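Enquirer: Contents of target-v3.csv (CSV, C-alpha atoms):
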```csv
chain,number,residue,atom,x,y,z
A,25,MET,CA,0.0,0.0,0.0
A,26,ARG,CA,1.6,3.2,-1.2
A,27,ARG,CA,0.2,5.4,1.7
A,28,PHE,CA,2.1,3.6,4.5
A,29,LEU,CA,4.7,6.3,4.5
A,30,ALA,CA,2.7,9.4,5.0
A,31,LEU,CA,0.1,10.6,7.4
A,32,SER,CA,-1.8,11.9,4.4
A,33,ALA,CA,0.4,11.0,1.5
A,34,ILE,CA,-0.9,10.7,-2.0
A,35,PRO,CA,-4.0,12.6,-2.8
A,36,LEU,CA,-6.8,10.1,-2.9
A,37,LEU,CA,-7.7,10.6,-6.6
A,38,ALA,CA,-4.0,10.0,-7.6
A,39,CYS,CA,-4.7,6.5,-6.4
A,40,VAL,CA,-6.9,5.9,-9.3
A,41,VAL,CA,-3.8,5.2,-11.4
A,42,LEU,CA,-2.6,2.8,-8.7
A,43,ALA,CA,-5.0,-0.1,-8.6
A,44,GLY,CA,-3.4,-1.5,-5.4
A,45,CYS,CA,-3.9,1.8,-3.6
A,46,SER,CA,-7.5,1.2,-2.6
A,47,SER,CA,-9.6,-1.6,-1.3
A,48,SER,CA,-11.8,-2.1,-4.4
A,49,LYS,CA,-10.1,-4.1,-7.2
A,50,PRO,CA,-10.3,-3.0,-10.8
A,51,SER,CA,-11.9,-5.1,-13.5
A,52,SER,CA,-9.8,-7.8,-14.9
A,53,SER,CA,-11.1,-7.4,-18.5
A,54,SER,CA,-9.1,-5.2,-20.8
A,55,SER,CA,-9.4,-4.0,-24.4
A,56,SER,CA,-6.3,-4.7,-26.5
A,57,SER,CA,-7.0,-2.1,-29.2
A,58,SER,CA,-8.3,1.5,-29.4
A,59,SER,CA,-9.7,1.0,-32.9
A,60,SER,CA,-13.5,0.1,-32.7
A,61,SER,CA,-16.6,0.8,-34.7
A,62,SER,CA,-18.1,4.3,-34.4
A,63,SER,CA,-21.2,2.9,-32.6
A,64,SER,CA,-19.2,1.4,-29.7
A,65,VAL,CA,-16.7,4.2,-29.5
A,66,GLY,CA,-19.4,6.8,-29.4
A,67,ALA,CA,-18.2,10.3,-28.4
A,68,SER,CA,-14.9,8.9,-26.9
A,69,SER,CA,-13.0,9.3,-30.1
A,70,ALA,CA,-13.8,13.0,-30.1
A,71,VAL,CA,-11.9,13.7,-26.8
A,72,THR,CA,-8.9,16.0,-27.6
A,73,ALA,CA,-6.1,17.6,-25.6
A,74,THR,CA,-3.6,20.2,-26.8
A,75,GLY,CA,-0.5,21.8,-25.3
A,76,SER,CA,3.2,21.1,-24.8
A,77,PHE,CA,4.7,18.2,-23.0
A,78,GLY,CA,5.4,19.0,-19.4
A,79,GLN,CA,2.6,21.6,-19.3
A,80,ALA,CA,-1.0,21.0,-18.2
A,81,PRO,CA,-3.0,20.2,-21.3
A,82,LYS,CA,-6.2,21.9,-22.5
A,83,VAL,CA,-8.8,19.1,-22.7
A,84,SER,CA,-12.0,19.0,-24.7
A,85,ILE,CA,-14.6,16.4,-23.8
A,86,PRO,CA,-17.9,16.3,-25.8
A,87,LYS,CA,-21.2,16.9,-24.0
A,88,ALA,CA,-22.4,13.5,-25.0
A,89,LYS,CA,-22.3,10.0,-23.6
A,90,PRO,CA,-19.0,8.2,-23.9
A,91,GLY,CA,-18.6,5.0,-25.8
A,92,SER,CA,-18.1,1.5,-24.4
A,93,GLN,CA,-14.6,0.8,-25.9
A,94,LEU,CA,-11.2,1.8,-24.7
A,95,GLU,CA,-9.8,4.7,-26.8
A,96,VAL,CA,-6.0,5.4,-26.8
A,97,LYS,CA,-4.1,8.1,-28.6
A,98,THR,CA,-0.4,9.1,-28.6
A,99,LEU,CA,-0.6,12.9,-28.7
A,100,ILE,CA,3.1,13.5,-28.5
A,101,GLN,CA,5.6,10.8,-29.5
A,102,GLY,CA,8.5,10.4,-27.1
A,103,SER,CA,12.0,9.2,-28.0
A,104,GLY,CA,13.0,7.5,-24.8
A,105,THR,CA,13.0,3.9,-23.7
A,106,THR,CA,10.0,1.7,-24.4
A,107,LEU,CA,7.8,0.9,-21.4
A,108,THR,CA,7.4,-2.7,-20.4
A,109,LYS,CA,5.2,-4.4,-17.8
A,110,THR,CA,8.0,-4.5,-15.3
A,111,ASP,CA,8.6,-0.8,-15.5
A,112,ALA,CA,7.4,1.9,-13.2
A,113,MET,CA,7.1,5.4,-14.6
A,114,ALA,CA,7.3,8.9,-13.2
A,115,ALA,CA,4.4,10.8,-14.8
A,116,ASN,CA,2.2,13.8,-14.7
A,117,PHE,CA,-1.4,13.5,-15.5
A,118,VAL,CA,-4.8,15.1,-15.6
A,119,LEU,CA,-7.9,13.0,-14.8
A,120,TYR,CA,-11.5,13.6,-15.7
A,121,PHE,CA,-14.6,11.7,-14.6
A,122,TRP,CA,-17.1,11.4,-17.5
A,123,SER,CA,-20.6,10.2,-16.8
A,124,GLY,CA,-23.6,10.7,-19.0
A,125,THR,CA,-23.1,13.9,-20.9
A,126,THR,CA,-21.0,15.7,-18.2
A,127,SER,CA,-17.4,15.6,-17.2
A,128,SER,CA,-15.3,17.2,-14.5
A,129,LEU,CA,-11.6,17.5,-13.7
A,130,LYS,CA,-10.7,15.4,-10.6
A,131,ALA,CA,-6.9,15.5,-10.5
A,132,ASN,CA,-4.0,17.5,-11.9
A,133,THR,CA,-0.4,16.6,-10.9
A,134,PHE,CA,1.1,19.2,-13.2
A,135,THR,CA,0.3,21.8,-10.4
A,136,SER,CA,1.8,19.7,-7.6
A,137,ASN,CA,4.2,16.9,-8.1
A,138,PRO,CA,4.4,13.8,-10.4
A,139,THR,CA,3.1,10.4,-9.5
A,140,VAL,CA,4.8,7.0,-9.9
A,141,ILE,CA,2.7,4.6,-11.9
A,142,GLY,CA,3.6,1.0,-11.7
A,143,GLY,CA,2.8,-2.4,-10.2
A,144,THR,CA,-0.8,-3.3,-10.6
A,145,MET,CA,-2.4,-0.7,-12.9
A,146,LEU,CA,-6.0,-0.4,-14.1
A,147,PRO,CA,-6.4,-2.7,-17.2
A,148,GLY,CA,-7.1,0.3,-19.5
A,149,LEU,CA,-4.0,2.2,-18.3
A,150,GLU,CA,-1.8,-0.8,-18.8
A,151,THR,CA,-3.0,-1.2,-22.3
A,152,ALA,CA,-2.6,2.5,-23.0
A,153,LEU,CA,0.9,2.8,-21.6
A,154,ILE,CA,2.8,-0.4,-22.2
A,155,GLY,CA,4.8,-0.2,-25.4
A,156,LYS,CA,4.9,3.6,-25.3
A,157,LYS,CA,8.2,5.6,-25.1
A,158,VAL,CA,9.4,7.8,-22.3
A,159,GLY,CA,8.7,11.4,-23.4
A,160,SER,CA,5.2,10.6,-24.8
A,161,ARG,CA,1.9,12.2,-24.0
A,162,VAL,CA,-0.9,9.6,-24.0
A,163,LEU,CA,-4.6,10.2,-24.0
A,164,ALA,CA,-6.7,7.3,-22.6
A,165,VAL,CA,-10.5,7.2,-22.4
A,166,ILE,CA,-11.2,4.3,-20.2
A,167,PRO,CA,-14.7,2.8,-19.9
A,168,PRO,CA,-15.9,1.0,-16.8
A,169,ALA,CA,-15.1,-2.4,-18.3
A,170,ASP,CA,-11.4,-1.4,-18.5
A,171,GLY,CA,-11.4,0.4,-15.2
A,172,TYR,CA,-13.3,-0.4,-12.0
A,173,GLY,CA,-16.1,-2.4,-13.7
A,174,SER,CA,-19.8,-2.2,-12.9
A,175,SER,CA,-19.2,-2.0,-9.1
A,176,GLY,CA,-17.0,1.2,-9.4
A,177,ASN,CA,-15.1,2.4,-6.4
A,178,SER,CA,-17.1,4.4,-3.8
A,179,GLN,CA,-13.9,5.5,-1.9
A,180,LEU,CA,-12.7,7.2,-5.1
A,181,GLY,CA,-16.2,8.5,-6.1
A,182,ILE,CA,-16.3,6.3,-9.2
A,183,THR,CA,-19.6,4.7,-10.1
A,184,GLY,CA,-20.3,1.7,-12.3
A,185,SER,CA,-20.9,4.1,-15.2
A,186,THR,CA,-17.9,6.5,-14.8
A,187,THR,CA,-15.6,6.7,-17.7
A,188,LEU,CA,-12.1,7.9,-16.8
A,189,VAL,CA,-10.2,10.3,-19.1
A,190,PHE,CA,-6.5,10.5,-18.6
A,191,ILE,CA,-3.9,12.6,-20.4
A,192,ILE,CA,-0.5,11.4,-19.2
A,193,ASP,CA,3.0,12.7,-19.7
A,194,VAL,CA,5.6,9.9,-19.2
A,195,LEU,CA,8.6,11.6,-17.7
A,196,LYS,CA,11.0,8.7,-16.8
A,197,SER,CA,10.9,5.0,-16.3
A,198,TYR,CA,12.4,2.7,-13.7
A,199,SER,CA,12.7,-1.1,-13.5
A,200,ASP,CA,10.8,-2.8,-10.6
A,201,THR,CA,14.2,-4.1,-9.5
A,202,ALA,CA,16.0,-0.8,-9.5
A,203,SER,CA,18.2,-0.5,-6.4
A,204,ALA,CA,21.1,1.4,-4.9
A,205,SER,CA,24.0,1.7,-7.4
A,206,GLY,CA,26.9,3.1,-5.4
A,207,THR,CA,29.7,1.7,-3.3
A,208,GLN,CA,29.1,-0.4,-0.2
A,209,VAL,CA,30.4,1.4,2.9
A,210,SER,CA,28.6,-0.3,5.7
A,211,SER,CA,26.2,-3.2,6.6
A,212,GLY,CA,24.7,-1.5,9.6
A,213,GLY,CA,25.0,-3.2,13.0
A,214,GLY,CA,26.0,-1.6,16.3
A,215,ASP,CA,23.0,0.3,17.5
A,216,LEU,CA,21.2,-0.5,14.2
A,217,PRO,CA,20.1,-3.8,12.6
A,218,LYS,CA,22.4,-5.5,10.1
A,219,VAL,CA,21.4,-5.2,6.5
A,220,SER,CA,22.0,-7.7,3.8
A,221,ALA,CA,20.7,-7.8,0.2
A,222,LYS,CA,21.5,-8.8,-3.3
A,223,ALA,CA,21.4,-6.2,-6.1
A,224,GLY,CA,17.8,-5.8,-7.4
A,225,SER,CA,16.1,-7.4,-4.4
A,226,ALA,CA,14.7,-6.4,-1.1
A,227,PRO,CA,17.1,-6.0,1.8
A,228,THR,CA,16.9,-8.2,4.9
A,229,LEU,CA,17.3,-6.9,8.4
A,230,THR,CA,18.8,-8.8,11.3
A,231,PHE,CA,17.9,-7.3,14.7
A,232,SER,CA,19.9,-7.6,17.9
A,233,SER,CA,18.5,-7.2,21.4
A,234,THR,CA,19.7,-3.6,21.4
A,235,LYS,CA,17.0,-1.0,22.1
A,236,PRO,CA,16.3,1.5,19.3
A,237,PRO,CA,18.1,4.8,19.5
A,238,SER,CA,16.2,7.6,21.2
A,239,GLY,CA,16.7,10.0,18.4
A,240,LEU,CA,16.7,9.9,14.6
A,241,VAL,CA,19.6,8.1,13.1
A,242,ALA,CA,20.5,8.0,9.3
A,243,LYS,CA,23.4,5.9,8.3
A,244,THR,CA,24.6,5.5,4.7
A,245,LEU,CA,25.1,1.8,3.7
A,246,ILE,CA,25.8,2.3,0.0
A,247,LYS,CA,27.2,5.7,-1.1
A,248,GLY,CA,25.8,6.8,-4.4
A,249,ASN,CA,27.6,8.8,-7.0
A,250,GLY,CA,24.7,11.0,-8.0
A,251,ALA,CA,23.7,14.5,-7.0
A,252,LYS,CA,22.6,15.4,-3.4
A,253,VAL,CA,18.9,15.3,-2.8
A,254,VAL,CA,17.5,18.8,-2.1
A,255,LYS,CA,14.2,20.0,-0.7
A,256,GLY,CA,11.5,20.3,-3.3
A,257,GLU,CA,12.7,17.5,-5.5
A,258,PHE,CA,10.6,14.5,-6.5
A,259,VAL,CA,12.5,11.4,-5.2
A,260,ILE,CA,12.1,7.9,-6.6
A,261,ALA,CA,13.0,5.3,-3.9
A,262,GLN,CA,12.7,1.6,-3.0
A,263,TYR,CA,12.1,0.9,0.7
A,264,THR,CA,11.3,-1.6,3.4
A,265,GLY,CA,9.8,-0.5,6.7
A,266,SER,CA,10.0,-2.5,9.9
A,267,ILE,CA,8.8,-2.0,13.5
A,268,TRP,CA,11.6,-2.3,16.1
A,269,ARG,CA,9.2,-3.9,18.7
A,270,THR,CA,7.9,-6.7,16.4
A,271,LYS,CA,10.7,-6.9,13.9
A,272,ALA,CA,8.0,-7.2,11.3
A,273,VAL,CA,8.0,-5.6,7.9
A,274,PHE,CA,4.9,-3.3,7.6
A,275,GLY,CA,5.5,-1.8,4.2
A,276,SER,CA,7.7,-2.4,1.2
A,277,SER,CA,7.9,-1.0,-2.3
A,278,TRP,CA,9.6,-4.2,-3.4
A,279,SER,CA,6.4,-6.2,-2.7
A,280,SER,CA,4.2,-3.6,-4.3
A,281,GLY,CA,5.8,-4.1,-7.7
A,282,SER,CA,7.3,-0.6,-8.3
A,283,PRO,CA,9.4,2.1,-6.6
A,284,PHE,CA,7.8,4.8,-4.5
A,285,GLY,CA,7.8,8.5,-5.4
A,286,PHE,CA,7.5,11.5,-3.1
A,287,LEU,CA,8.3,15.2,-2.8
A,288,ILE,CA,11.0,15.7,-0.2
A,289,GLY,CA,10.6,18.5,2.3
A,290,ALA,CA,6.8,18.4,2.3
A,291,SER,CA,6.2,16.3,5.4
A,292,PRO,CA,3.7,15.3,6.8
A,293,GLU,CA,1.7,15.6,3.6
A,294,GLN,CA,4.1,13.4,1.6
A,295,VAL,CA,6.2,11.3,4.0
A,296,ILE,CA,6.8,11.1,7.7
A,297,PRO,CA,9.3,13.7,9.0
A,298,GLY,CA,12.1,11.2,9.6
A,299,TRP,CA,12.3,10.6,5.9
A,300,ASP,CA,12.7,14.3,5.1
A,301,LYS,CA,15.3,14.8,7.8
A,302,GLY,CA,17.2,11.6,7.1
A,303,LEU,CA,17.3,11.6,3.3
A,304,GLU,CA,17.8,15.3,2.4
A,305,GLY,CA,21.4,15.7,1.5
A,306,GLN,CA,22.0,12.1,0.7
A,307,THR,CA,23.1,11.3,-2.9
A,308,VAL,CA,21.2,9.6,-5.7
A,309,GLY,CA,22.3,5.9,-5.9
A,310,SER,CA,22.7,5.6,-2.1
A,311,ARG,CA,21.1,3.1,0.4
A,312,VAL,CA,20.3,4.6,3.8
A,313,ILE,CA,19.1,2.9,6.9
A,314,LEU,CA,16.8,5.2,9.0
A,315,SER,CA,16.0,4.6,12.7
A,316,ILE,CA,13.0,6.8,13.4
A,317,PRO,CA,11.5,7.5,16.8
A,318,PRO,CA,7.8,8.1,17.2
A,319,ALA,CA,8.2,11.9,17.2
A,320,ASP,CA,9.6,11.7,13.6
A,321,GLY,CA,7.3,8.9,12.6
A,322,TYR,CA,3.6,8.6,13.2
A,323,GLY,CA,3.6,10.4,16.6
A,324,SER,CA,1.7,9.4,19.7
A,325,ALA,CA,-1.3,8.3,17.6
A,326,GLY,CA,0.7,5.6,15.7
A,327,ASN,CA,-0.8,3.9,12.7
A,328,SER,CA,-3.2,1.1,13.6
A,329,ASP,CA,-3.6,0.0,10.0
A,330,ALA,CA,0.1,-0.8,9.9
A,331,GLY,CA,0.3,-2.2,13.4
A,332,ILE,CA,2.3,0.8,14.6
A,333,LYS,CA,1.8,1.9,18.2
A,334,GLY,CA,2.4,5.5,19.4
A,335,THR,CA,5.5,4.3,21.2
A,336,ASP,CA,7.0,2.4,18.3
A,337,SER,CA,10.3,3.3,16.7
A,338,LEU,CA,10.6,2.3,13.0
A,339,VAL,CA,13.5,1.1,10.8
A,340,PHE,CA,13.5,1.9,7.0
A,341,VAL,CA,16.1,0.8,4.5
A,342,VAL,CA,15.8,3.3,1.6
A,343,ASP,CA,17.4,3.1,-1.8
A,344,ILE,CA,17.5,6.5,-3.6
A,345,ILE,CA,17.0,5.7,-7.2
A,346,ASP,CA,16.5,9.2,-8.7
A,347,ALA,CA,15.6,12.8,-7.8
A,348,PHE,CA,14.5,15.7,-10.0
A,349,LYS,CA,12.6,18.9,-10.0
A,350,GLN,CA,9.1,19.3,-11.4
A,351,GLY,CA,9.0,21.2,-14.6
```
When written as structure tokens, how does the structure in this file appear?
Expert:
Amino acid sequence: MRRFLALSAIPLLACVVLAGCSSSKPSSSSSSSSSSSSSSVGASSAVTATGSFGQAPKVSIPKAKPGSQLEVKTLIQGSGTTLTKTDAMAANFVLYFWSGTTSSLKANTFTSNPTVIGGTMLPGLETALIGKKVGSRVLAVIPPADGYGSSGNSQLGITGSTTLVFIIDVLKSYSDTASASGTQVSSGGGDLPKVSAKAGSAPTLTFSSTKPPSGLVAKTLIKGNGAKVVKGEFVIAQYTGSIWRTKAVFGSSWSSGSPFGFLIGASPEQVIPGWDKGLEGQTVGSRVILSIPPADGYGSAGNSDAGIKGTDSLVFVVDIIDAFKQG
């Protein structure tokens, strides 16, 4: 679940692109082609979007009922690597809900920060994006059969008749096995758990009987050769998070199927404070172990969904894959 890290992390509607982010599962059916008869496409083929890559598009959606078939258009052809099913992508998007003859804008990441799309996607989005190149702008008109089906998703405000309209700019791509790429300088230990891992796989923590440190500790395990992470950048990371008390893993990007993306320096809206304090100034390509006391984690309230009490210290192992500014 992507929202383990933040007290109020990803805006709810951004979770529409991340099928594993909510309790309702998407439909398993998917259309393999955007070419259909005019009767089944209906008004969906008339959706248009104009504007430059990297800028919020101007979108036109007809005041008519959408068709029942998936409609995909590449509005801007990128020249980067081709996206595969095992890739995650950093992307900006606008999202409209289209029901009956009316439509409304529900999300716009161009005005905030990008989103990482990967892992289990909506069937219609997977069809629309896989095979496209980084640098592309893709329009996808996704009917219920290729989205959340006839049951919709009440948490996201999606009914069984809601068609989703996305315009997505694919900024970068990352393998689901992307990991720290620098030089090993430590394996932890001492007051911290020992960390072991093979390249491209989730690290394993070995805890001793030592009590967790009383304050925040950030220790570099692998020193990356990239630029330092600075406040306001969008950071792509792999992570595992464990609870000192139980030694149990409560969250992991490795098990979700794609790296995690967040804006550093924006806690608690994006990530818990310990991430901002411990990762800012680290270099891209690094692996960092963070020991985070409650005050820099979930506070006295804890996080019952994750099994975290208000007195629990946490341990994260974070691989910094990339960092860049919006725009």
Enquirer: Looking at A:Gly214, A:Pro283, A:Pro297, A:Pro236, which one is nearest to Asp336 of chain A, with distances taken over all atoms listed in the file?
Expert: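 Smallest separation from Asp336 of chain A among the options: A:Pro236.
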Enquirer: Which residues come within 7 Å of Thr230 of chain A, counting all atoms listed in the file, excluding same-chain residues fewer than 5 positions away, as number ranges by chain?
Expert: A: 217-219
Enquirer: Write out, as a PDB file, in the coordinates of the input, the residues just selected, with C-alpha atoms.
Expert:
```pdb
ATOM      1  CA  PRO A 217      20.100  -3.800  12.600  1.00  0.00           C
ATOM      2  CA  LYS A 218      22.400  -5.500  10.100  1.00  0.00           C
ATOM      3  CA  VAL A 219      21.400  -5.200   6.500  1.00  0.00           C
TER       4      VAL A 219
END
```
Enquirer: Between A:Val341, A:Ser280, A:Gly326, A:Glu304, which is the closest to Ala221 of chain A once you count only C-alpha atoms?
Expert: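 Using only C-alpha atoms, Ala221 of chain A sits closest to A:Val341.
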Enquirer: Residues at most 9 Å from Asp215 of chain A, counting only C-alpha atoms, excluding those fewer than 5 positions away in the same chain, as a ChimeraX atom specification?
Expert: /A:232,234-237
Enquirer: Mind giving me the straight-line distance from atom CA of Val162 of chain A to atom CA of Ser103 of chain A in Å, one decimal?
Expert: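 Value for the atom CA of Val162 of chain A-atom CA of Ser103 of chain A distance: 13.5 Å.
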Enquirer: What is the atom CA of Ala114 of chain A-atom CA of Phe340 of chain A distance in Å, reported with one decimal?
Expert: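 Those two atoms sit 22.3 Å apart.
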Enquirer: Excluding same-chain residues fewer than 3 positions from segment 274-276 of chain A, what lies within 12 Å of it counting only C-alpha atoms, as JSON, numbers by chain?
Expert: {"A": [25, 26, 27, 28, 29, 30, 225, 226, 227, 228, 261, 262, 263, 264, 265, 266, 267, 268, 269, 270, 271, 279, 280, 281, 282, 283, 284, 327, 328, 329, 330, 331, 332, 338, 339, 340, 341, 342, 343]}
Enquirer: Which distance in Å separates atom CA of Ser310 of chain A and atom CA of Val140 of chain A, to one decimal?
Expert: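 Between these atoms lies a distance of 19.6 Å.
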Enquirer: Pick out the residues sitting within 8 Å of Phe348 of chain A, and hand them over as a list in words; count only C-alpha atoms, and ignore anything fewer than 3 positions along from it in its own chain.
Expert: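 Using only C-alpha atoms, the neighbours found are Glu257, Phe258 and Val259 of chain A.
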Enquirer: For Ile345 of chain A, which residue out of A:Ala67, A:Leu188, A:Ile246, A:Ala131 is the nearest one, using all atoms listed in the file?
Expert: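 Distance minimum relative to Ile345 of chain A lands on A:Ile246.
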Enquirer: List as number ranges by chain: which residues have an atom within 12 Å of (14.0, 12.8, -11.8), counting only C-alpha atoms?
Expert: A: 113-115, 137-140, 194-198, 250-251, 253-254, 256-261, 285-287, 308, 344-351
Enquirer: Missing atoms in segment 185-194 of chain A: can you complete it with all heavy atoms, as a PDB file, in the frame of the given file?
Expert:
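part.pdb written:
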```pdb
ATOM      1  N   SER A 185     -20.766   3.552 -13.864  1.00  0.00           N
ATOM      2  CA  SER A 185     -20.900   4.100 -15.200  1.00  0.00           C
ATOM      3  C   SER A 185     -19.927   5.253 -15.469  1.00  0.00           C
ATOM      4  O   SER A 185     -20.063   5.983 -16.458  1.00  0.00           O
ATOM      5  CB  SER A 185     -22.360   4.700 -15.335  1.00  0.00           C
ATOM      6  OG  SER A 185     -22.603   5.725 -14.385  1.00  0.00           O
ATOM      7  N   THR A 186     -18.913   5.389 -14.607  1.00  0.00           N
ATOM      8  CA  THR A 186     -17.900   6.500 -14.800  1.00  0.00           C
ATOM      9  C   THR A 186     -16.842   6.043 -15.773  1.00  0.00           C
ATOM     10  O   THR A 186     -16.167   5.030 -15.587  1.00  0.00           O
ATOM     11  CB  THR A 186     -17.247   6.810 -13.441  1.00  0.00           C
ATOM     12  OG1 THR A 186     -18.231   7.197 -12.489  1.00  0.00           O
ATOM     13  CG2 THR A 186     -16.242   7.942 -13.625  1.00  0.00           C
ATOM     14  N   THR A 187     -16.693   6.845 -16.813  1.00  0.00           N
ATOM     15  CA  THR A 187     -15.600   6.700 -17.700  1.00  0.00           C
ATOM     16  C   THR A 187     -14.437   7.611 -17.268  1.00  0.00           C
ATOM     17  O   THR A 187     -14.678   8.755 -16.885  1.00  0.00           O
ATOM     18  CB  THR A 187     -15.998   7.056 -19.173  1.00  0.00           C
ATOM     19  OG1 THR A 187     -16.874   6.042 -19.658  1.00  0.00           O
ATOM     20  CG2 THR A 187     -14.803   7.159 -20.110  1.00  0.00           C
ATOM     21  N   LEU A 188     -13.221   7.093 -17.273  1.00  0.00           N
ATOM     22  CA  LEU A 188     -12.100   7.900 -16.800  1.00  0.00           C
ATOM     23  C   LEU A 188     -11.310   8.393 -18.050  1.00  0.00           C
ATOM     24  O   LEU A 188     -11.029   7.639 -18.982  1.00  0.00           O
ATOM     25  CB  LEU A 188     -11.129   6.972 -16.013  1.00  0.00           C
ATOM     26  CG  LEU A 188     -11.751   6.233 -14.836  1.00  0.00           C
ATOM     27  CD1 LEU A 188     -10.738   5.305 -14.188  1.00  0.00           C
ATOM     28  CD2 LEU A 188     -12.315   7.209 -13.809  1.00  0.00           C
ATOM     29  N   VAL A 189     -10.982   9.672 -18.028  1.00  0.00           N
ATOM     30  CA  VAL A 189     -10.200  10.300 -19.100  1.00  0.00           C
ATOM     31  C   VAL A 189      -8.887  10.774 -18.560  1.00  0.00           C
ATOM     32  O   VAL A 189      -8.839  11.651 -17.700  1.00  0.00           O
ATOM     33  CB  VAL A 189     -10.992  11.473 -19.739  1.00  0.00           C
ATOM     34  CG1 VAL A 189     -10.168  12.111 -20.862  1.00  0.00           C
ATOM     35  CG2 VAL A 189     -12.350  11.018 -20.273  1.00  0.00           C
ATOM     36  N   PHE A 190      -7.810  10.164 -19.026  1.00  0.00           N
ATOM     37  CA  PHE A 190      -6.500  10.500 -18.600  1.00  0.00           C
ATOM     38  C   PHE A 190      -5.706  11.158 -19.770  1.00  0.00           C
ATOM     39  O   PHE A 190      -5.813  10.700 -20.911  1.00  0.00           O
ATOM     40  CB  PHE A 190      -5.663   9.272 -18.218  1.00  0.00           C
ATOM     41  CG  PHE A 190      -5.975   8.698 -16.872  1.00  0.00           C
ATOM     42  CD1 PHE A 190      -6.865   7.641 -16.745  1.00  0.00           C
ATOM     43  CD2 PHE A 190      -5.366   9.190 -15.732  1.00  0.00           C
ATOM     44  CE1 PHE A 190      -7.133   7.078 -15.516  1.00  0.00           C
ATOM     45  CE2 PHE A 190      -5.628   8.641 -14.495  1.00  0.00           C
ATOM     46  CZ  PHE A 190      -6.518   7.580 -14.384  1.00  0.00           C
ATOM     47  N   ILE A 191      -4.920  12.188 -19.471  1.00  0.00           N
ATOM     48  CA  ILE A 191      -3.900  12.600 -20.400  1.00  0.00           C
ATOM     49  C   ILE A 191      -2.589  12.555 -19.522  1.00  0.00           C
ATOM     50  O   ILE A 191      -2.461  13.209 -18.476  1.00  0.00           O
ATOM     51  CB  ILE A 191      -4.082  14.064 -20.897  1.00  0.00           C
ATOM     52  CG1 ILE A 191      -5.307  14.095 -21.818  1.00  0.00           C
ATOM     53  CG2 ILE A 191      -2.862  14.508 -21.697  1.00  0.00           C
ATOM     54  CD1 ILE A 191      -6.613  14.299 -21.115  1.00  0.00           C
ATOM     55  N   ILE A 192      -1.647  11.708 -19.956  1.00  0.00           N
ATOM     56  CA  ILE A 192      -0.500  11.400 -19.200  1.00  0.00           C
ATOM     57  C   ILE A 192       0.804  11.710 -19.899  1.00  0.00           C
ATOM     58  O   ILE A 192       0.985  11.319 -21.050  1.00  0.00           O
ATOM     59  CB  ILE A 192      -0.480   9.854 -18.827  1.00  0.00           C
ATOM     60  CG1 ILE A 192      -1.748   9.480 -18.061  1.00  0.00           C
ATOM     61  CG2 ILE A 192       0.759   9.468 -18.038  1.00  0.00           C
ATOM     62  CD1 ILE A 192      -1.905   7.994 -17.841  1.00  0.00           C
ATOM     63  N   ASP A 193       1.680  12.450 -19.245  1.00  0.00           N
ATOM     64  CA  ASP A 193       3.000  12.700 -19.700  1.00  0.00           C
ATOM     65  C   ASP A 193       3.989  11.761 -19.037  1.00  0.00           C
ATOM     66  O   ASP A 193       4.135  11.825 -17.805  1.00  0.00           O
ATOM     67  CB  ASP A 193       3.451  14.156 -19.465  1.00  0.00           C
ATOM     68  CG  ASP A 193       2.816  15.158 -20.409  1.00  0.00           C
ATOM     69  OD1 ASP A 193       1.920  14.762 -21.186  1.00  0.00           O
ATOM     70  OD2 ASP A 193       3.193  16.344 -20.337  1.00  0.00           O
ATOM     71  N   VAL A 194       4.649  10.886 -19.780  1.00  0.00           N
ATOM     72  CA  VAL A 194       5.600   9.900 -19.200  1.00  0.00           C
ATOM     73  C   VAL A 194       6.965  10.579 -19.101  1.00  0.00           C
ATOM     74  O   VAL A 194       7.612  10.830 -20.116  1.00  0.00           O
ATOM     75  CB  VAL A 194       5.657   8.635 -20.033  1.00  0.00           C
ATOM     76  CG1 VAL A 194       6.592   7.629 -19.365  1.00  0.00           C
ATOM     77  CG2 VAL A 194       4.268   8.031 -20.213  1.00  0.00           C
TER      78      VAL A 194
END
```
